[in-house]
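Reading through the structure tokens given below for one structure.
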Amino acid sequence: MSNPSLLILPGDGIGPEVMTEVRKVIDWYGTKRDMAFDVSEDLVGGSAYDAHGTPLTDATMAKAQEVDAVLLGAVGGPKYDALDFSVKPERGLLRLRKEMDLFANLRPAQCFDALADFSSLKRDVVAGLDIVIVRELTSGIYFGEPRGIIEDGNERVGINTQRYTESEIDRVARNAFELAMRRNRKLCSMEKANVMESGVLWREVVTEVGKDYPEVELSHMYADAGAMQLCRWPKQFDVIVTDNLFGDLLSDAAAMLTGSLGMLPSASLGAPMANGRPKALYEPVHGSAPDIAGQGKANPIACILSFAMALRYSFDAGDEATRLEQAVEKVLADGLRTADLLGEEGAQPVSTAEMGDAIVAALDASL
Ligand code: IPM
Ligand code: MG
């Protein structure tokens, strides 16, 4: 049998340097756990634009469709701000999501005990927090037509369209219910049914799907109130399901509850492939952080934890995912901190590479 295949797209900014640390972890699994992957690497985002004049070539797109999983670093940077919208780095990522049809984006927000004091909220509000936002990723206002900037009389008008079909809501809702079933059987759906028709439909369809999951306690919240509740008492939630734009905003807010954006992984999942596993792309929630790129300051944990999600969801290796998550927990408990996690005065940060090496050492110690 051939090895499982993994396409690595480091991207821009800190993407390549955090991915270097993930490669160490992947190599560790190959040599120490007899789990070799066929790894190929390619360009996405600004780096692809620099090389090919497009943020994602058709060849890379085709490769992404064939592999068992894609692991992406980050895209974007000020260098590309002036580019035409159609070739901006972000378009590369959006094309991957859309053409691979990765409609369910799982964004866990988990507060590591060692970092609970690092949150901008009080320790008792965040300690032990473990929630997942399921964000619809391939529709809504990100992709709805019509869109554009048009002339209307003597001024220009910017247009984007929020559009959801019943089937698009149905499939992401089912995904969220399935996840809730594997967790604490509690799901909160967020929209703006008070002002948006798409929100009214969203609530109706989620409620309908909920009849197939009577064990799950379903609640609904307007997304603005949801944002407020996330800051007030986030532990009231377990799984949250929401649309593309609200999910983008709420997941950044949820991420910050945990202390640092540098900690959080994500999985973007599509329909099952022939082997029964979902088409999948894994990426950290953080961006390309161009201000610190190339300085060895970036935190590789979010990207490493994204690989842990790949082990769990694409490679049937939940135990190995847990091993990796525990290795991360251990280095944090040991006091290792990259610059983004430093509060105390006089504390010395470790570099991106030192953090990666420490996690590999913790993996070794786990054997
Ligand atoms: C995210 C990012 C992306 C998004 C950008 C980079 C296109 O903010 O993954 O949350 O808006 O979806
Ligand atoms: Mg975002």
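Just remember, in the structure tokens the first chain shown is A, the second B, etc., residues are 1-based per chain, and ligands are 1-based in the order shown.
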
Tell me, as a PyMOL selection string, which residues lie within 12 Å of Asp84 of chain A, counting only C-alpha atoms; anything in the same chain fewer than 5 positions away does not count.
chain A and resi 49+53-55+89-91

Keeping N, CA, C and O atoms for every residue in the selection just given, could you write it to a file as a PDB file, in the first residue's frame?
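Saved as part.pdb:
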ATOM      1  N   TYR A  49       2.359  34.024  -6.731  1.00  0.00           N
ATOM      2  CA  TYR A  49       2.223  35.158  -7.648  1.00  0.00           C
ATOM      3  C   TYR A  49       3.594  35.622  -8.142  1.00  0.00           C
ATOM      4  O   TYR A  49       3.789  35.885  -9.332  1.00  0.00           O
ATOM      5  N   GLY A  53       2.789  34.604 -11.442  1.00  0.00           N
ATOM      6  CA  GLY A  53       1.800  35.624 -11.807  1.00  0.00           C
ATOM      7  C   GLY A  53       0.381  35.257 -11.419  1.00  0.00           C
ATOM      8  O   GLY A  53      -0.579  35.899 -11.862  1.00  0.00           O
ATOM      9  N   THR A  54       0.228  34.221 -10.610  1.00  0.00           N
ATOM     10  CA  THR A  54      -1.090  33.832 -10.101  1.00  0.00           C
ATOM     11  C   THR A  54      -0.916  33.257  -8.696  1.00  0.00           C
ATOM     12  O   THR A  54       0.088  32.595  -8.428  1.00  0.00           O
ATOM     13  N   PRO A  55      -1.886  33.515  -7.789  1.00  0.00           N
ATOM     14  CA  PRO A  55      -1.712  33.020  -6.415  1.00  0.00           C
ATOM     15  C   PRO A  55      -1.905  31.507  -6.276  1.00  0.00           C
ATOM     16  O   PRO A  55      -1.645  30.955  -5.201  1.00  0.00           O
ATOM     17  N   PRO A  89      -3.081  37.391  -2.978  1.00  0.00           N
ATOM     18  CA  PRO A  89      -2.727  36.115  -2.355  1.00  0.00           C
ATOM     19  C   PRO A  89      -3.931  35.356  -1.796  1.00  0.00           C
ATOM     20  O   PRO A  89      -4.043  34.140  -1.940  1.00  0.00           O
ATOM     21  N   GLU A  90      -4.860  36.102  -1.173  1.00  0.00           N
ATOM     22  CA  GLU A  90      -6.028  35.472  -0.544  1.00  0.00           C
ATOM     23  C   GLU A  90      -6.877  34.697  -1.558  1.00  0.00           C
ATOM     24  O   GLU A  90      -7.547  33.721  -1.203  1.00  0.00           O
ATOM     25  N   ARG A  91      -6.833  35.138  -2.835  1.00  0.00           N
ATOM     26  CA  ARG A  91      -7.640  34.431  -3.839  1.00  0.00           C
ATOM     27  C   ARG A  91      -7.173  32.997  -4.008  1.00  0.00           C
ATOM     28  O   ARG A  91      -7.948  32.117  -4.380  1.00  0.00           O
TER      29      ARG A  91
END

In segment 115-319 of chain A, DSSP strand (DSSP E or B) residues written as a compact mmCIF listing (two decimals) with N, CA and C atoms, in the first residue's frame:
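Written out: states-v7.txt:
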# COMPACT_ATOMS: atom_id res chain seq x y z
N ASP A 130 -12.86 24.90 26.00
CA ASP A 130 -12.66 23.95 24.91
C ASP A 130 -13.93 23.97 24.06
N ILE A 131 -13.94 24.85 23.06
CA ILE A 131 -15.11 24.96 22.19
C ILE A 131 -14.67 24.83 20.73
N VAL A 132 -15.62 24.56 19.85
CA VAL A 132 -15.30 24.50 18.42
C VAL A 132 -16.30 25.33 17.65
N ILE A 133 -15.80 26.21 16.81
CA ILE A 133 -16.68 26.93 15.89
C ILE A 133 -16.65 26.19 14.55
N VAL A 134 -17.84 25.85 14.06
CA VAL A 134 -17.94 25.27 12.72
C VAL A 134 -18.43 26.40 11.81
N ARG A 135 -17.53 26.82 10.94
CA ARG A 135 -17.81 27.94 10.05
C ARG A 135 -18.09 27.42 8.65
N GLU A 136 -19.24 27.85 8.06
CA GLU A 136 -19.50 27.50 6.66
C GLU A 136 -18.45 28.22 5.82
N GLY A 144 -21.09 35.03 -2.91
CA GLY A 144 -22.38 35.30 -3.52
C GLY A 144 -22.30 36.30 -4.68
N GLU A 145 -23.17 36.08 -5.67
CA GLU A 145 -23.28 37.00 -6.81
C GLU A 145 -24.63 37.70 -6.73
N PRO A 146 -24.79 38.95 -7.20
CA PRO A 146 -23.72 39.75 -7.81
C PRO A 146 -22.73 40.30 -6.79
N ARG A 147 -21.54 40.61 -7.31
CA ARG A 147 -20.53 41.26 -6.51
C ARG A 147 -19.73 42.19 -7.40
N GLY A 148 -19.07 43.13 -6.80
CA GLY A 148 -18.20 44.01 -7.59
C GLY A 148 -18.33 45.46 -7.18
N ILE A 149 -17.64 46.32 -7.91
CA ILE A 149 -17.78 47.75 -7.72
C ILE A 149 -18.29 48.30 -9.03
N ILE A 150 -19.49 48.87 -9.01
CA ILE A 150 -20.11 49.32 -10.26
C ILE A 150 -20.32 50.84 -10.22
N GLU A 151 -20.53 51.41 -11.40
CA GLU A 151 -20.88 52.83 -11.50
C GLU A 151 -22.39 52.94 -11.39
N ASP A 152 -22.86 53.89 -10.58
CA ASP A 152 -24.29 54.12 -10.50
C ASP A 152 -24.49 55.63 -10.48
N GLU A 155 -21.65 58.08 -8.92
CA GLU A 155 -20.78 57.51 -7.88
C GLU A 155 -20.65 56.01 -8.07
N ARG A 156 -19.67 55.42 -7.34
CA ARG A 156 -19.47 53.99 -7.43
C ARG A 156 -20.17 53.28 -6.27
N VAL A 157 -20.55 52.05 -6.51
CA VAL A 157 -21.23 51.27 -5.49
C VAL A 157 -20.50 49.94 -5.31
N GLY A 158 -20.19 49.60 -4.07
CA GLY A 158 -19.58 48.29 -3.77
C GLY A 158 -20.66 47.30 -3.41
N ILE A 159 -20.62 46.13 -4.05
CA ILE A 159 -21.70 45.15 -3.86
C ILE A 159 -21.17 43.77 -3.50
N ASN A 160 -21.72 43.20 -2.43
CA ASN A 160 -21.53 41.78 -2.15
C ASN A 160 -22.86 41.20 -1.74
N THR A 161 -23.03 39.92 -1.97
CA THR A 161 -24.33 39.30 -1.78
C THR A 161 -24.24 38.14 -0.81
N LYS A 186 -24.09 19.60 22.56
CA LYS A 186 -24.65 20.94 22.71
C LYS A 186 -24.25 21.76 21.50
N LEU A 187 -25.22 22.32 20.79
CA LEU A 187 -24.91 23.09 19.59
C LEU A 187 -25.64 24.42 19.63
N CYS A 188 -24.90 25.50 19.36
CA CYS A 188 -25.53 26.82 19.26
C CYS A 188 -25.34 27.33 17.84
N SER A 189 -26.43 27.68 17.17
CA SER A 189 -26.37 28.20 15.81
C SER A 189 -26.49 29.72 15.86
N MET A 190 -25.64 30.41 15.10
CA MET A 190 -25.66 31.88 15.13
C MET A 190 -25.91 32.46 13.74
N GLU A 191 -26.81 33.42 13.68
CA GLU A 191 -27.11 34.15 12.44
C GLU A 191 -27.72 35.50 12.84
N GLU A 217 -28.69 19.17 22.28
CA GLU A 217 -29.42 20.35 22.75
C GLU A 217 -29.08 21.51 21.83
N LEU A 218 -30.06 21.94 21.04
CA LEU A 218 -29.83 23.00 20.04
C LEU A 218 -30.34 24.33 20.55
N SER A 219 -29.51 25.38 20.40
CA SER A 219 -29.99 26.72 20.71
C SER A 219 -29.65 27.65 19.55
N HIS A 220 -30.28 28.80 19.50
CA HIS A 220 -30.03 29.79 18.44
C HIS A 220 -29.70 31.12 19.09
N MET A 221 -28.82 31.87 18.45
CA MET A 221 -28.45 33.17 18.99
C MET A 221 -28.20 34.11 17.82
N TYR A 222 -28.57 35.38 17.99
CA TYR A 222 -28.14 36.35 16.99
C TYR A 222 -26.63 36.49 17.11
N VAL A 239 -20.23 23.45 20.81
CA VAL A 239 -20.04 23.63 19.36
C VAL A 239 -20.92 24.79 18.91
N ILE A 240 -20.35 25.65 18.08
CA ILE A 240 -21.10 26.77 17.48
C ILE A 240 -21.09 26.55 15.98
N VAL A 241 -22.24 26.71 15.33
CA VAL A 241 -22.26 26.64 13.86
C VAL A 241 -22.76 27.98 13.32
N THR A 242 -22.06 28.49 12.32
CA THR A 242 -22.42 29.81 11.80
C THR A 242 -21.95 29.97 10.35
N PRO A 265 -5.29 25.91 15.57
CA PRO A 265 -5.32 25.23 14.28
C PRO A 265 -6.71 25.29 13.67
N SER A 266 -6.84 24.85 12.43
CA SER A 266 -8.17 24.66 11.86
C SER A 266 -8.15 23.56 10.83
N ALA A 267 -9.33 22.97 10.62
CA ALA A 267 -9.51 21.95 9.60
C ALA A 267 -10.65 22.39 8.70
N SER A 268 -10.44 22.33 7.39
CA SER A 268 -11.51 22.63 6.45
C SER A 268 -11.84 21.33 5.72
N LEU A 269 -13.06 20.87 5.92
CA LEU A 269 -13.43 19.53 5.44
C LEU A 269 -14.52 19.60 4.39
N GLY A 270 -14.40 18.69 3.41
CA GLY A 270 -15.41 18.60 2.35
C GLY A 270 -16.12 17.26 2.39
N ALA A 271 -16.66 16.89 1.25
CA ALA A 271 -17.39 15.62 1.16
C ALA A 271 -16.41 14.46 1.21
N PRO A 272 -16.87 13.27 1.61
CA PRO A 272 -15.97 12.11 1.67
C PRO A 272 -15.42 11.74 0.29
N PRO A 278 -12.83 12.66 4.48
CA PRO A 278 -13.21 13.91 3.80
C PRO A 278 -12.04 14.54 3.06
N LYS A 279 -12.33 15.20 1.99
CA LYS A 279 -11.34 16.06 1.38
C LYS A 279 -10.96 17.10 2.43
N ALA A 280 -9.69 17.47 2.53
CA ALA A 280 -9.34 18.28 3.69
C ALA A 280 -8.15 19.19 3.48
N LEU A 281 -8.26 20.35 4.08
CA LEU A 281 -7.14 21.29 4.13
C LEU A 281 -7.00 21.76 5.57
N TYR A 282 -5.77 21.75 6.06
CA TYR A 282 -5.50 22.13 7.44
C TYR A 282 -4.63 23.38 7.45
N GLU A 283 -4.97 24.33 8.30
CA GLU A 283 -4.17 25.56 8.35
C GLU A 283 -4.32 26.23 9.71
N PRO A 284 -3.29 26.96 10.13
CA PRO A 284 -3.44 27.73 11.37
C PRO A 284 -4.44 28.86 11.15

Of the candidates A:Asp117, A:Asp34, A:Asp68, A:Asp42, which one gets nearest to Leu257 of chain A if we count only C-alpha atoms?
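Of the candidates, the smallest distance to Leu257 of chain A is held by A:Asp117.
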
Counting only C-alpha atoms, what is within 8 Å of Met355 of chain A, bar same-chain residues fewer than 4 positions away, as an MDAnalysis selection string?
chainID A and resid 299:300 336:338 350:351 359

Grab the residues selected above and save them as a PDB file, in the first residue's frame with N, CA and C atoms.
ATOM      1  N   ASN A 299       5.337  31.733  16.278  1.00  0.00           N
ATOM      2  CA  ASN A 299       4.945  30.567  17.067  1.00  0.00           C
ATOM      3  C   ASN A 299       4.496  29.457  16.114  1.00  0.00           C
ATOM      4  N   PRO A 300       5.188  28.325  16.091  1.00  0.00           N
ATOM      5  CA  PRO A 300       4.807  27.256  15.146  1.00  0.00           C
ATOM      6  C   PRO A 300       3.682  26.358  15.653  1.00  0.00           C
ATOM      7  N   LEU A 336       8.162  26.967  28.201  1.00  0.00           N
ATOM      8  CA  LEU A 336       8.668  27.494  26.927  1.00  0.00           C
ATOM      9  C   LEU A 336       7.659  28.453  26.299  1.00  0.00           C
ATOM     10  N   ARG A 337       8.156  29.587  25.841  1.00  0.00           N
ATOM     11  CA  ARG A 337       7.266  30.585  25.249  1.00  0.00           C
ATOM     12  C   ARG A 337       7.920  31.213  24.032  1.00  0.00           C
ATOM     13  N   THR A 338       7.193  31.270  22.935  1.00  0.00           N
ATOM     14  CA  THR A 338       7.640  32.125  21.833  1.00  0.00           C
ATOM     15  C   THR A 338       7.226  33.554  22.174  1.00  0.00           C
ATOM     16  N   VAL A 350      11.734  31.796  23.317  1.00  0.00           N
ATOM     17  CA  VAL A 350      12.478  30.865  22.487  1.00  0.00           C
ATOM     18  C   VAL A 350      12.143  31.166  21.027  1.00  0.00           C
ATOM     19  N   SER A 351      12.998  30.704  20.136  1.00  0.00           N
ATOM     20  CA  SER A 351      12.781  30.951  18.714  1.00  0.00           C
ATOM     21  C   SER A 351      11.800  29.926  18.149  1.00  0.00           C
ATOM     22  N   ILE A 359       9.174  20.472  20.935  1.00  0.00           N
ATOM     23  CA  ILE A 359       7.984  19.627  20.739  1.00  0.00           C
ATOM     24  C   ILE A 359       8.406  18.247  20.233  1.00  0.00           C
TER      25      ILE A 359
END

Using only C-alpha atoms and all ligand atoms, find each protein or nucleic acid residue lying at most 9 Å from ligand 1; present the set as number ranges by chain.
A: 74-76, 89-94, 137, 142, 244-245, 247-249, 251-252, 266, 283-288
